[in-house]
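Scroll down for the structure; my scribbles are underneath it.
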Amino acid sequence: MLVHVTGGAGFIGSNFLHRMVARHPEHRFVCVDKLTYAANLASLAGVESLPNYALARVDITDAAAVQALFDQETPDLVVHFAAESHVDRSILGPYEFVKTNVEGTFHLLEACRRAWGSSLGQSQPRGRFHHVSTDEVYGSLGDEGFFTEATAYDPSSPYSATKASSDHLVRAYARTYGMPVTITNCSNNYGPRQFPEKLIPLMVAHALERKPLPIYGNGLNVRDWLYVDDHCEAIWAVIERGRLGATYNVGGHNELRNVDVIDTLCAVVAEFTGADVSELLALKTHVTDRPGHDHRYAIDASKVRAECGWAPAETFETGIRKTVRWYLENQAWVDAVRSGEYRRWIDSNYASR
Ligand code: NAD
Ligand code: DAU
């Protein structure tokens, strides 16, 4: 099977490739990535030397480039991670989000429609499009309740609105053209190789440098944290055992307030580095709130558990220790990402298709 993994050089995509390329030598994996600021080819060290792996530098908003890739290497499975993913950036500049998340998804769906052609709508259609989406499409919860697959869409940010649009497009291709699709809507991921603009790697980096730890608003917003490997396993479980056309919510029941996540991070960083925890906690600084800041996310993952046999392997307590350890042992990765060194290296080494 030929598998296109879009966004495979980003946080979750690279962790997915780390697990799946070595485990499945019978499949060939092509990482389809524009290599934006969020990509990091160093995240694929150890994968890129495997014989069943290749990189195609393709911007999914470029319909001709997507088609050229499909003509050359027609996928049997597309696992679609590629997106602009950071909420704060979407507030500052929404257009890139519309282009990549909506238009890019559209061009991929169109290329799949052409590639899988007359088999679509038949009892055994060719191909599979797995769309990786987010719980943010559902908007914000109050203090009680969970997002289920039946929760109405109510996105708050330009990021989540574009992800919601892409989900609708994917479902429309299933209903209209009979495209074999599955969708996962997952909660907040954390783990190795996450760009340090997101809460957890940012706080670790700032704690190590004794810089302020910026807490948006009152810090009482709740996120449902899932270790990235558990998300990757859920995606593979849905690809193998999910029903065509179905949506699955993915989450680990690790609901935590931001202030509690930050306190835990300070404690773990102090434990691993010998720092004085009160010195780290004193770095906490409340700053202006994010506009449209969702109050709470919490996932009901009973459907993916029941239908696909998936369950998370990590608790927040185990996952956060692995995560902090990884950032401490990979300071060079963090420093290079933040200095723009990889960006320059990528631009000089990888021409656009
Ligand atoms: P990321 O920002 O770390 O990586 C995104 C990747 O997509 C990068 O490698 C980037 O180069 C690539 N990309 C961006 N625009 C592209 C384009 N036009 N053409 C080709 N490639 C492009 O994102 P992530 O955190 O790994 O998230 C991956 C997916 O998972 C996204 O679709 C996101 O919405 C979804 N998701 C993320 C989380 C989370 O907590 N991070 C949770 C649920 C769902
Ligand atoms: O829920 C899934 C989503 O999780 C994904 O779809 C997104 O791609 C991913 O970025 C993430 O979105 P969030 O906005 O929840 O993640 P972020 O790490 O940006 O912020 C987590 C919480 O921490 C949120 O309530 C905002 C807050 N925060 C964030 C940063 C970066 C702070 O208080 N301070 C900060 O500096």
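Labeling convention for the structure tokens: chains A, B, ... as they appear, residues from 1 per chain, ligands from 1 in order of appearance.
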(request) Could you please extract the residues within 6 Å of ligand 2, counting only C-alpha atoms and all ligand atoms, and hand them back as a PyMOL selection string? (result) chain A and resi 85-87+134-136+187-188+197-199+214-216+219+221+258
What does the file look like for those residues with C-alpha atoms, as an mmCIF file, in the first residue's frame?
data_model
loop_
_atom_site.group_PDB
_atom_site.id
_atom_site.type_symbol
_atom_site.label_atom_id
_atom_site.label_comp_id
_atom_site.auth_asym_id
_atom_site.auth_seq_id
_atom_site.Cartn_x
_atom_site.Cartn_y
_atom_site.Cartn_z
ATOM 1 C CA SER A 85 -2.451 24.559 13.466
ATOM 2 C CA HIS A 86 -1.815 27.406 15.911
ATOM 3 C CA VAL A 87 -4.867 29.316 17.181
ATOM 4 C CA THR A 134 -9.677 18.641 16.157
ATOM 5 C CA ASP A 135 -12.141 18.898 19.035
ATOM 6 C CA GLU A 136 -12.013 22.694 18.585
ATOM 7 C CA SER A 187 -8.143 16.870 21.902
ATOM 8 C CA ASN A 188 -4.870 18.673 22.765
ATOM 9 C CA GLU A 197 4.835 28.059 20.403
ATOM 10 C CA LYS A 198 2.307 25.637 21.931
ATOM 11 C CA LEU A 199 1.663 25.716 25.685
ATOM 12 C CA PRO A 214 2.672 33.708 30.084
ATOM 13 C CA ILE A 215 -0.764 32.582 31.293
ATOM 14 C CA TYR A 216 -3.614 33.840 29.116
ATOM 15 C CA GLY A 219 -5.544 30.415 33.437
ATOM 16 C CA ASN A 221 -9.359 27.236 30.846
ATOM 17 C CA ASN A 258 -3.876 25.592 32.316
#
(request) Pick out the residues no farther than 7 Å from ligand 1, counting only C-alpha atoms and all ligand atoms, and list them as number ranges by chain. (result) A: 6-13, 32-40, 58-61, 80-86, 100, 104, 132-135, 163, 185-190, 194-195
(message) Taking the DSSP secondary structure from the backbone, can you list the residues of range 81-287 of chain A that are strand (DSSP E), as a PyMOL selection string?
(response) chain A and resi 128-134+181-186+189-190+213-216+222-224+226-227+247-250+255-257+284-287
Please save N, CA and C atoms of the selected residues as an mmCIF file, in the first residue's frame.
data_model
loop_
_atom_site.group_PDB
_atom_site.id
_atom_site.type_symbol
_atom_site.label_atom_id
_atom_site.label_comp_id
_atom_site.auth_asym_id
_atom_site.auth_seq_id
_atom_site.Cartn_x
_atom_site.Cartn_y
_atom_site.Cartn_z
ATOM 1 N N ARG A 128 -8.506 5.312 0.563
ATOM 2 C CA ARG A 128 -9.048 5.778 1.844
ATOM 3 C C ARG A 128 -8.463 7.152 2.126
ATOM 4 N N PHE A 129 -9.329 8.052 2.537
ATOM 5 C CA PHE A 129 -8.895 9.386 2.950
ATOM 6 C C PHE A 129 -9.172 9.498 4.445
ATOM 7 N N HIS A 130 -8.108 9.535 5.263
ATOM 8 C CA HIS A 130 -8.316 9.739 6.696
ATOM 9 C C HIS A 130 -7.986 11.185 7.051
ATOM 10 N N HIS A 131 -8.974 11.877 7.573
ATOM 11 C CA HIS A 131 -8.838 13.303 7.878
ATOM 12 C C HIS A 131 -8.584 13.491 9.379
ATOM 13 N N VAL A 132 -7.472 14.160 9.688
ATOM 14 C CA VAL A 132 -7.100 14.377 11.092
ATOM 15 C C VAL A 132 -7.645 15.738 11.521
ATOM 16 N N SER A 133 -8.635 15.722 12.402
ATOM 17 C CA SER A 133 -9.226 16.993 12.813
ATOM 18 C C SER A 133 -9.177 17.150 14.334
ATOM 19 N N THR A 134 -9.866 18.176 14.782
ATOM 20 C CA THR A 134 -9.677 18.641 16.157
ATOM 21 C C THR A 134 -11.009 18.751 16.900
ATOM 22 N N VAL A 181 -13.972 7.617 3.409
ATOM 23 C CA VAL A 181 -13.297 8.532 4.340
ATOM 24 C C VAL A 181 -13.538 8.088 5.777
ATOM 25 N N THR A 182 -12.623 8.492 6.649
ATOM 26 C CA THR A 182 -12.838 8.465 8.092
ATOM 27 C C THR A 182 -12.284 9.778 8.643
ATOM 28 N N ILE A 183 -12.827 10.195 9.789
ATOM 29 C CA ILE A 183 -12.394 11.447 10.415
ATOM 30 C C ILE A 183 -12.152 11.180 11.898
ATOM 31 N N THR A 184 -11.062 11.755 12.432
ATOM 32 C CA THR A 184 -10.879 11.760 13.887
ATOM 33 C C THR A 184 -10.822 13.205 14.365
ATOM 34 N N ASN A 185 -11.520 13.489 15.461
ATOM 35 C CA ASN A 185 -11.481 14.814 16.099
ATOM 36 C C ASN A 185 -10.846 14.621 17.473
ATOM 37 N N CYS A 186 -9.626 15.103 17.590
ATOM 38 C CA CYS A 186 -8.841 14.802 18.800
ATOM 39 C C CYS A 186 -8.666 16.043 19.670
ATOM 40 N N ASN A 189 -2.875 17.569 21.976
ATOM 41 C CA ASN A 189 -1.759 16.634 22.032
ATOM 42 C C ASN A 189 -0.562 17.275 22.704
ATOM 43 N N TYR A 190 0.263 16.447 23.327
ATOM 44 C CA TYR A 190 1.566 16.903 23.823
ATOM 45 C C TYR A 190 2.542 15.751 23.661
ATOM 46 N N LEU A 213 6.428 32.899 32.366
ATOM 47 C CA LEU A 213 5.527 31.855 31.853
ATOM 48 C C LEU A 213 4.171 32.532 31.615
ATOM 49 N N PRO A 214 3.867 32.891 30.349
ATOM 50 C CA PRO A 214 2.672 33.708 30.084
ATOM 51 C C PRO A 214 1.376 32.906 30.168
ATOM 52 N N ILE A 215 0.526 33.261 31.111
ATOM 53 C CA ILE A 215 -0.764 32.582 31.293
ATOM 54 C C ILE A 215 -1.852 33.493 30.738
ATOM 55 N N TYR A 216 -2.558 33.022 29.722
ATOM 56 C CA TYR A 216 -3.614 33.840 29.116
ATOM 57 C C TYR A 216 -4.783 33.968 30.092
ATOM 58 N N VAL A 222 -9.756 24.885 30.523
ATOM 59 C CA VAL A 222 -9.468 23.451 30.663
ATOM 60 C C VAL A 222 -9.229 22.829 29.287
ATOM 61 N N ARG A 223 -8.165 22.051 29.186
ATOM 62 C CA ARG A 223 -7.889 21.275 27.984
ATOM 63 C C ARG A 223 -7.785 19.809 28.378
ATOM 64 N N ASP A 224 -8.089 18.913 27.422
ATOM 65 C CA ASP A 224 -8.108 17.469 27.666
ATOM 66 C C ASP A 224 -6.871 16.897 26.973
ATOM 67 N N LEU A 226 -3.738 14.676 25.593
ATOM 68 C CA LEU A 226 -3.477 13.298 25.140
ATOM 69 C C LEU A 226 -2.038 13.205 24.643
ATOM 70 N N TYR A 227 -1.332 12.184 25.104
ATOM 71 C CA TYR A 227 0.050 11.972 24.637
ATOM 72 C C TYR A 227 0.016 11.635 23.147
ATOM 73 N N THR A 247 -17.089 9.307 11.968
ATOM 74 C CA THR A 247 -16.248 10.238 12.723
ATOM 75 C C THR A 247 -16.005 9.648 14.100
ATOM 76 N N TYR A 248 -14.787 9.801 14.609
ATOM 77 C CA TYR A 248 -14.447 9.307 15.946
ATOM 78 C C TYR A 248 -13.780 10.412 16.755
ATOM 79 N N ASN A 249 -14.293 10.683 17.937
ATOM 80 C CA ASN A 249 -13.626 11.604 18.860
ATOM 81 C C ASN A 249 -12.534 10.850 19.620
ATOM 82 N N VAL A 250 -11.396 11.516 19.794
ATOM 83 C CA VAL A 250 -10.254 10.881 20.454
ATOM 84 C C VAL A 250 -9.780 11.773 21.603
ATOM 85 N N GLU A 255 -8.447 15.972 31.767
ATOM 86 C CA GLU A 255 -8.876 17.388 31.778
ATOM 87 C C GLU A 255 -8.118 18.145 32.848
ATOM 88 N N LEU A 256 -7.432 19.187 32.420
ATOM 89 C CA LEU A 256 -6.648 19.977 33.377
ATOM 90 C C LEU A 256 -6.783 21.454 33.073
ATOM 91 N N ARG A 257 -6.780 22.263 34.137
ATOM 92 C CA ARG A 257 -6.745 23.713 33.955
ATOM 93 C C ARG A 257 -5.325 24.114 33.554
ATOM 94 N N LYS A 284 5.486 32.597 36.742
ATOM 95 C CA LYS A 284 4.114 32.634 36.191
ATOM 96 C C LYS A 284 3.631 34.081 36.099
ATOM 97 N N THR A 285 3.140 34.447 34.904
ATOM 98 C CA THR A 285 2.724 35.834 34.665
ATOM 99 C C THR A 285 1.406 35.823 33.910
ATOM 100 N N HIS A 286 0.390 36.422 34.482
ATOM 101 C CA HIS A 286 -0.893 36.506 33.769
ATOM 102 C C HIS A 286 -0.807 37.604 32.713
ATOM 103 N N VAL A 287 -1.211 37.282 31.487
ATOM 104 C CA VAL A 287 -1.164 38.249 30.383
ATOM 105 C C VAL A 287 -2.574 38.369 29.780
#
(request) Have a look at A:Tyr177, A:Trp326, A:Leu208, A:Lys303 and name the one nearest to Ser118 in chain A; count only C-alpha atoms. (result) A:Tyr177
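Here CA of Val3 in chain A and CA of Gly121 in chain A stand 21.3 Å from one another.
Using only C-alpha atoms for every distance, the candidate list A:Leu109, A:Leu77, A:Ala63, A:Val98 yields A:Leu77 as the residue closest to Met1 in chain A.
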(request) Compare A:Leu220, A:Ala207, A:Cys31, A:Cys308 by their minimum atom-to-atom distance to Val238 in chain A, counting only C-alpha atoms, and give me the closest one. (result) A:Cys308
(message) Please determine, counting only C-alpha atoms, which residue among A:Asp229, A:Glu144, A:Asp300, A:Glu307 has the shortest atom-to-atom distance to Thr323 in chain A.
(response)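 Nearest to Thr323 in chain A: A:Asp229.
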(message) Restricting the calculation to only C-alpha atoms: of A:Val228, A:Glu96, A:Thr315, A:Ser278, which residue gets closest to Pro192 in chain A?
(response)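 Among the listed residues, A:Val228 lies closest to Pro192 in chain A.
Closest approach to Leu44 in chain A among A:Arg89, A:Lys322, A:Arg114, A:Arg193: A:Arg193, based on only C-alpha atoms.
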(message) Please return, as a ChimeraX atom specification, all residues of range 218-273 of chain A that DSSP assigns to helix (DSSP H, G or I) on the basis of the backbone.
(response) /A:228-241,258-273
Please dump the current selection as a PDB file, in the first residue's frame; keep N, CA and C atoms.
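This went into part-v7.pdb:
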ATOM      1  N   VAL A 228       0.946  12.240  22.410  1.00  0.00           N
ATOM      2  CA  VAL A 228       0.865  12.181  20.942  1.00  0.00           C
ATOM      3  C   VAL A 228       0.861  10.748  20.397  1.00  0.00           C
ATOM      4  N   ASP A 229       1.625   9.848  21.024  1.00  0.00           N
ATOM      5  CA  ASP A 229       1.647   8.464  20.514  1.00  0.00           C
ATOM      6  C   ASP A 229       0.269   7.816  20.610  1.00  0.00           C
ATOM      7  N   ASP A 230      -0.474   8.187  21.652  1.00  0.00           N
ATOM      8  CA  ASP A 230      -1.831   7.630  21.785  1.00  0.00           C
ATOM      9  C   ASP A 230      -2.730   8.121  20.657  1.00  0.00           C
ATOM     10  N   HIS A 231      -2.549   9.379  20.266  1.00  0.00           N
ATOM     11  CA  HIS A 231      -3.325   9.893  19.125  1.00  0.00           C
ATOM     12  C   HIS A 231      -2.958   9.123  17.854  1.00  0.00           C
ATOM     13  N   CYS A 232      -1.649   8.928  17.642  1.00  0.00           N
ATOM     14  CA  CYS A 232      -1.208   8.221  16.420  1.00  0.00           C
ATOM     15  C   CYS A 232      -1.788   6.800  16.376  1.00  0.00           C
ATOM     16  N   GLU A 233      -1.809   6.139  17.519  1.00  0.00           N
ATOM     17  CA  GLU A 233      -2.369   4.777  17.562  1.00  0.00           C
ATOM     18  C   GLU A 233      -3.875   4.804  17.296  1.00  0.00           C
ATOM     19  N   ALA A 234      -4.543   5.842  17.780  1.00  0.00           N
ATOM     20  CA  ALA A 234      -5.994   5.946  17.529  1.00  0.00           C
ATOM     21  C   ALA A 234      -6.256   6.101  16.031  1.00  0.00           C
ATOM     22  N   ILE A 235      -5.442   6.922  15.373  1.00  0.00           N
ATOM     23  CA  ILE A 235      -5.622   7.131  13.924  1.00  0.00           C
ATOM     24  C   ILE A 235      -5.441   5.799  13.184  1.00  0.00           C
ATOM     25  N   TRP A 236      -4.407   5.047  13.556  1.00  0.00           N
ATOM     26  CA  TRP A 236      -4.163   3.772  12.860  1.00  0.00           C
ATOM     27  C   TRP A 236      -5.292   2.776  13.161  1.00  0.00           C
ATOM     28  N   ALA A 237      -5.788   2.812  14.396  1.00  0.00           N
ATOM     29  CA  ALA A 237      -6.897   1.906  14.751  1.00  0.00           C
ATOM     30  C   ALA A 237      -8.144   2.238  13.920  1.00  0.00           C
ATOM     31  N   VAL A 238      -8.388   3.537  13.705  1.00  0.00           N
ATOM     32  CA  VAL A 238      -9.554   3.940  12.906  1.00  0.00           C
ATOM     33  C   VAL A 238      -9.340   3.545  11.442  1.00  0.00           C
ATOM     34  N   ILE A 239      -8.110   3.723  10.945  1.00  0.00           N
ATOM     35  CA  ILE A 239      -7.838   3.325   9.558  1.00  0.00           C
ATOM     36  C   ILE A 239      -8.082   1.816   9.399  1.00  0.00           C
ATOM     37  N   GLU A 240      -7.661   1.038  10.377  1.00  0.00           N
ATOM     38  CA  GLU A 240      -7.796  -0.419  10.257  1.00  0.00           C
ATOM     39  C   GLU A 240      -9.211  -0.917  10.570  1.00  0.00           C
ATOM     40  N   ARG A 241      -9.848  -0.283  11.572  1.00  0.00           N
ATOM     41  CA  ARG A 241     -11.093  -0.873  12.068  1.00  0.00           C
ATOM     42  C   ARG A 241     -12.296   0.073  12.050  1.00  0.00           C
ATOM     43  N   ASN A 258      -5.212  25.170  32.764  1.00  0.00           N
ATOM     44  CA  ASN A 258      -3.876  25.592  32.316  1.00  0.00           C
ATOM     45  C   ASN A 258      -2.947  25.852  33.504  1.00  0.00           C
ATOM     46  N   VAL A 259      -3.465  26.496  34.556  1.00  0.00           N
ATOM     47  CA  VAL A 259      -2.603  26.783  35.718  1.00  0.00           C
ATOM     48  C   VAL A 259      -2.058  25.495  36.333  1.00  0.00           C
ATOM     49  N   ASP A 260      -2.849  24.443  36.312  1.00  0.00           N
ATOM     50  CA  ASP A 260      -2.387  23.183  36.902  1.00  0.00           C
ATOM     51  C   ASP A 260      -1.348  22.502  36.012  1.00  0.00           C
ATOM     52  N   VAL A 261      -1.535  22.634  34.687  1.00  0.00           N
ATOM     53  CA  VAL A 261      -0.520  22.094  33.766  1.00  0.00           C
ATOM     54  C   VAL A 261       0.814  22.800  34.016  1.00  0.00           C
ATOM     55  N   ILE A 262       0.759  24.111  34.168  1.00  0.00           N
ATOM     56  CA  ILE A 262       1.991  24.890  34.331  1.00  0.00           C
ATOM     57  C   ILE A 262       2.662  24.561  35.669  1.00  0.00           C
ATOM     58  N   ASP A 263       1.874  24.407  36.720  1.00  0.00           N
ATOM     59  CA  ASP A 263       2.454  24.019  38.022  1.00  0.00           C
ATOM     60  C   ASP A 263       3.137  22.653  37.922  1.00  0.00           C
ATOM     61  N   THR A 264       2.476  21.720  37.220  1.00  0.00           N
ATOM     62  CA  THR A 264       3.070  20.382  37.064  1.00  0.00           C
ATOM     63  C   THR A 264       4.380  20.473  36.288  1.00  0.00           C
ATOM     64  N   LEU A 265       4.373  21.271  35.228  1.00  0.00           N
ATOM     65  CA  LEU A 265       5.593  21.403  34.430  1.00  0.00           C
ATOM     66  C   LEU A 265       6.733  21.979  35.278  1.00  0.00           C
ATOM     67  N   CYS A 266       6.435  22.979  36.080  1.00  0.00           N
ATOM     68  CA  CYS A 266       7.479  23.566  36.941  1.00  0.00           C
ATOM     69  C   CYS A 266       8.037  22.494  37.880  1.00  0.00           C
ATOM     70  N   ALA A 267       7.136  21.679  38.443  1.00  0.00           N
ATOM     71  CA  ALA A 267       7.585  20.648  39.385  1.00  0.00           C
ATOM     72  C   ALA A 267       8.463  19.607  38.687  1.00  0.00           C
ATOM     73  N   VAL A 268       8.067  19.195  37.488  1.00  0.00           N
ATOM     74  CA  VAL A 268       8.843  18.146  36.794  1.00  0.00           C
ATOM     75  C   VAL A 268      10.192  18.713  36.312  1.00  0.00           C
ATOM     76  N   VAL A 269      10.169  19.947  35.785  1.00  0.00           N
ATOM     77  CA  VAL A 269      11.434  20.555  35.349  1.00  0.00           C
ATOM     78  C   VAL A 269      12.367  20.701  36.557  1.00  0.00           C
ATOM     79  N   ALA A 270      11.825  21.132  37.700  1.00  0.00           N
ATOM     80  CA  ALA A 270      12.655  21.290  38.904  1.00  0.00           C
ATOM     81  C   ALA A 270      13.234  19.938  39.329  1.00  0.00           C
ATOM     82  N   GLU A 271      12.380  18.906  39.305  1.00  0.00           N
ATOM     83  CA  GLU A 271      12.852  17.574  39.713  1.00  0.00           C
ATOM     84  C   GLU A 271      13.982  17.073  38.804  1.00  0.00           C
ATOM     85  N   PHE A 272      13.828  17.262  37.503  1.00  0.00           N
ATOM     86  CA  PHE A 272      14.808  16.721  36.550  1.00  0.00           C
ATOM     87  C   PHE A 272      16.089  17.565  36.464  1.00  0.00           C
ATOM     88  N   THR A 273      16.009  18.860  36.800  1.00  0.00           N
ATOM     89  CA  THR A 273      17.188  19.722  36.620  1.00  0.00           C
ATOM     90  C   THR A 273      17.811  20.151  37.949  1.00  0.00           C
TER      91      THR A 273
END
